[in-house]
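Engineer: Quick one: structure below, then a few questions.
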Amino acid sequence: MRNLIRRICARLQRHVLPHETAFISFRPPGPQQGRVLLAHIVQAFIRGTPDSLRTSHNHFAEAVAIVDALLELGYAVDVISYRNTTFHPHIRYDLFISSRVNFELIAKRLPRETIKIVHLDTAHWLHNNAAALNRCLEVRRERHVALASYKLLEPTWAIDSADYATLLGNEVTYETYRFGNTPVFQLPNPAVRLYPCPINKDLGRVRHHFIWLGSRGFIQKGLDLVLAAFARMPEYRLTVCGPISQEPDFAKAFHKELYETPNIRTHGWIDVGGHEFQQLANECIGLIYPSCAEGAAGAVVTCMQAGLIPIISRESGIDIDESLGLMLGSFMHGSVTVESLMEATRRIAGQPADALKDMAVESWRIARSTYSPENYKAVFTSIIRQIVAEHPVSTASGFVSMPTPHGSATSSSLLKTDSTGT
């Protein structure tokens with residue numbers, strides 16, 4: 001069965017791009033303690049990669065933080081694309097760290113002594129695909145149109161064959177991997193850009209303006225529900241930021257909401273590293289992101305960094321409390337609906353201006369202290385140290401939550417440092 005699935009997926013694979021066969025090596029500044037093979041996003045290390053691409057996804061910041069951490073630990077690091085299927089190692093590696101597909105393929109070419117760590121940045125592929133297709137069925141029932149899911153994941157059995165795993169996500173995400181009985185270490189999703197504190201933002205003025213931000217996979221990420229909710233709330237404004245043109249069937253099915261509803265503006269794709277996004281964030285109170293399956297949603301982390309109040313589902317992979325936003329609940333329990341989105345929107349917008357400012361600043365503060373490249377690097381370093389020190393008999397089991405950032409600053413000290421926008 002696995003071979004059949006692999007053959008089907010192989011037929012569907014696009015042409016191999018030049019960066020997918022790249023091999024990039026780094027050496028530590030001091031004595032070498034070992035060697036690591038990292039299968040990740042190689043574009044992060046290729047000269048000429050445009051800044052707009054580097055800020056298009058959090059995994060670019062991840063790749064850089066991982067390499068920096070390993071070099072500081074004394075490891076030489078060889079980086080290949082996670083899509084590289086032709087790589088055959090010819091030297092000994094102490095650790096193999098790989099994201100997404102092809103973990104199994106490369107791991108089998110390495111000796112048993114190599115510590116194998118899979119990096120998980122989505123829900124398990126079976127859960128993700130089932131959740132996405134179930135949402136497509138819901139849309140078919142509601143809209144009488146059959147739309148494809150653009151976020152179906154390729155099958156991988158990495159969790160079954162890895163010694164350890166790192167995970168972007170929360171306990172909801174971990175539950176999709178629990179069956180593997182592999183120690184899973186939680187990592188924070190690092191933001192691609194840092195923004196000024198919203199302490200001087202006129203939150204009372206923008207309390208009725210919200211944003212939906214995401215890449216492809218609009219049904220999976222709940223855009224259909226958000227559009228339906230705001231179409232029924234003409235007193236609130238919604239700006240939609242995402243590559244709508246890349247899903248023409250969705251754009252056609254929701255044309256009225258996207259382009260003919262006065263209180264909904266469809267912006268399309270936006271560079272979150274650009275000035276335009278920061279201007280838009282200053283004109284909005286919060287993000288609405290009811291995804292049915294994620295790792296840890298980069299859109300949520302980005303918008304929290306920009307001082308937006310998150311209204312999110314548990315499946316978004318980010319845990320928040322009411323000091324900084326609203327958790328809608330879970331699709332699994334049926335608590336994410338158009339009605340619950342309308343209620344959450346009105347609840348946030350109805351808060352006093354001072355309360356909104358407190359929430360926005362707390363959202364920004366948590367993003368700065370937890371979801372930053374610096375904290376990602378610190379947590380990743382701690383994980384690698386523990387794995388190497390304890391392997392093969394690890395004290396870690398189940399889901400190992402990430403620690404609170406060491407020396408996290410209080411709101412007041414962060415405001416003193418960053419309110420100028422530096």
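Here, A, B, ... name the chains of the structure tokens in the order displayed, residue numbers run from 1 inside each chain, and ligands are numbered from 1 in the same displayed order.
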Which parts of segment 97-175 of chain A does DSSP call alpha helix (DSSP H) when run on the backbone here, written out as a ChimeraX atom specification?
Structural biologist: /A:103-107,125-143,158-161,171-175
Engineer: What are the closest atom pairs, with distances in Å to one decimal, for all residues of segment 187-248 of chain A lying within 9 Å of segment 263-270 of chain A? Consider only C-alpha atoms, order rows by chain and residue number, and present the result as CSV.
Structural biologist:
```
residue,atom,partner,partner_atom,distance
A:Leu213,CA,A:Trp269,CA,8.7
A:Gly214,CA,A:Trp269,CA,8.6
A:Ser215,CA,A:Trp269,CA,8.0
A:Leu227,CA,A:Ile264,CA,7.9
A:Phe230,CA,A:Ile264,CA,7.3
A:Ala231,CA,A:Asn263,CA,7.6
A:Met233,CA,A:Asn263,CA,8.3
A:Pro234,CA,A:Asn263,CA,5.8
A:Glu235,CA,A:Asn263,CA,7.5
A:Tyr236,CA,A:Asn263,CA,6.6
A:Arg237,CA,A:Asn263,CA,4.8
A:Leu238,CA,A:Ile264,CA,4.8
A:Thr239,CA,A:Arg265,CA,4.8
A:Val240,CA,A:Thr266,CA,4.7
A:Cys241,CA,A:Gly268,CA,4.8
A:Gly242,CA,A:Trp269,CA,4.3
A:Pro243,CA,A:Trp269,CA,4.6
A:Ile244,CA,A:Gly268,CA,5.8
A:Ser245,CA,A:Gly268,CA,7.7
```
Engineer: Provide the atom CA of Lys252 of chain A to atom CA of Arg143 of chain A distance in Å, to one decimal place.
Structural biologist: 11.6 Å
Engineer: Which residues come within 8 Å of Arg83 of chain A, counting only C-alpha atoms, excluding same-chain residues fewer than 5 positions away, as a ChimeraX atom specification?
Structural biologist: /A:20,39,101-102
Engineer: Tell me which protein, DNA and RNA residues are within 7 Å of Phe399 of chain A, counting only C-alpha atoms, leaving out same-chain ones fewer than 6 positions away, and put them as an MDAnalysis selection string.
Structural biologist: chainID A and resid 174 183:185
Engineer: For Gly398 of chain A, which residue out of A:Glu171, A:Asp224, A:Glu257, A:Asp354 is the nearest one, using only C-alpha atoms?
Structural biologist: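 For Gly398 of chain A, the nearest of the given residues is A:Glu171.
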Engineer: Apply DSSP to the structure's backbone, then extract all residues of segment 115-344 of chain A labelled strand (DSSP E or B) and return them as a PyMOL selection string.
Structural biologist: chain A and resi 115-120+164-168+184-187+209-213+237-241+264-266+286-289+309-312+326-327
Engineer: Take the residues that were just selected and, keeping C-alpha atoms, output them as a PDB file, in the first residue's frame.
Structural biologist:
```pdb
ATOM      1  CA  ILE A 115      20.280  10.166  15.761  1.00  0.00           C
ATOM      2  CA  LYS A 116      17.255  10.828  13.569  1.00  0.00           C
ATOM      3  CA  ILE A 117      14.975  13.778  14.375  1.00  0.00           C
ATOM      4  CA  VAL A 118      11.918  14.638  12.301  1.00  0.00           C
ATOM      5  CA  HIS A 119      10.737  18.233  12.347  1.00  0.00           C
ATOM      6  CA  LEU A 120       6.932  18.436  12.242  1.00  0.00           C
ATOM      7  CA  TYR A 164      12.702  12.002  18.233  1.00  0.00           C
ATOM      8  CA  ALA A 165      10.525  14.757  16.848  1.00  0.00           C
ATOM      9  CA  THR A 166      10.272  18.522  17.156  1.00  0.00           C
ATOM     10  CA  LEU A 167       6.871  20.113  16.622  1.00  0.00           C
ATOM     11  CA  LEU A 168       5.426  23.481  15.728  1.00  0.00           C
ATOM     12  CA  VAL A 184       7.917  15.103  20.675  1.00  0.00           C
ATOM     13  CA  PHE A 185       9.502  18.421  21.704  1.00  0.00           C
ATOM     14  CA  GLN A 186       7.495  21.599  21.199  1.00  0.00           C
ATOM     15  CA  LEU A 187       9.090  24.519  19.356  1.00  0.00           C
ATOM     16  CA  HIS A 209     -11.961  46.485  11.427  1.00  0.00           C
ATOM     17  CA  PHE A 210     -10.572  42.917  11.248  1.00  0.00           C
ATOM     18  CA  ILE A 211      -8.244  41.020   8.951  1.00  0.00           C
ATOM     19  CA  TRP A 212      -8.036  37.479   7.584  1.00  0.00           C
ATOM     20  CA  LEU A 213      -4.497  36.611   6.510  1.00  0.00           C
ATOM     21  CA  ARG A 237     -15.188  45.628   8.180  1.00  0.00           C
ATOM     22  CA  LEU A 238     -13.016  42.756   6.965  1.00  0.00           C
ATOM     23  CA  THR A 239      -9.876  42.907   4.821  1.00  0.00           C
ATOM     24  CA  VAL A 240      -8.905  39.627   3.142  1.00  0.00           C
ATOM     25  CA  CYS A 241      -5.187  39.151   2.519  1.00  0.00           C
ATOM     26  CA  ILE A 264     -15.487  43.207   2.829  1.00  0.00           C
ATOM     27  CA  ARG A 265     -12.375  44.288   0.935  1.00  0.00           C
ATOM     28  CA  THR A 266     -10.293  41.678  -0.861  1.00  0.00           C
ATOM     29  CA  GLY A 286      -7.605  41.834  15.200  1.00  0.00           C
ATOM     30  CA  LEU A 287      -7.023  38.716  13.128  1.00  0.00           C
ATOM     31  CA  ILE A 288      -9.706  36.081  12.553  1.00  0.00           C
ATOM     32  CA  TYR A 289      -8.214  32.692  11.665  1.00  0.00           C
ATOM     33  CA  ILE A 309      -5.748  40.618  18.756  1.00  0.00           C
ATOM     34  CA  PRO A 310      -6.165  36.967  17.621  1.00  0.00           C
ATOM     35  CA  ILE A 311      -9.515  35.221  17.287  1.00  0.00           C
ATOM     36  CA  ILE A 312      -8.476  31.665  16.474  1.00  0.00           C
ATOM     37  CA  LEU A 326     -10.227  34.710  22.025  1.00  0.00           C
ATOM     38  CA  MET A 327     -10.073  30.976  21.434  1.00  0.00           C
TER      39      MET A 327
END
```
Engineer: Could you work out how far atom CA of Ser161 of chain A lies from atom CA of Gly180 of chain A, giving the answer in Å with one decimal?
Structural biologist: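 Taking atom CA of Gly180 of chain A as the start and atom CA of Ser161 of chain A as the end point, the length is 8.8 Å.
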Engineer: Need the shell around Leu194 of chain A: protein/DNA/RNA residues with any atom at most 10 Å away, counting only C-alpha atoms. Skip same-chain ones fewer than 4 positions apart. Format as a PyMOL selection string?
Structural biologist: chain A and resi 273+302-306+364+367-368+372-373+421-422
Engineer: So how many Å separate atom CA of Ala123 of chain A and atom CA of Ile66 of chain A, to one decimal?
Structural biologist: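 Answer for the atom CA of Ala123 of chain A to atom CA of Ile66 of chain A separation: 20.8 Å.
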Engineer: Can you pull out the residues contacting Tyr150 of chain A? Cut-off 9 Å, using only C-alpha atoms, and skip same-chain residues under 3 positions away; I want them as a PyMOL selection string.
Structural biologist: chain A and resi 132+216-220+247
Engineer: So which one's closest to Val67 of chain A, A:Thr381, A:Glu138, A:Val272, A:Thr337? Using only C-alpha atoms, please.
Structural biologist: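 Nearest to Val67 of chain A: A:Thr381.
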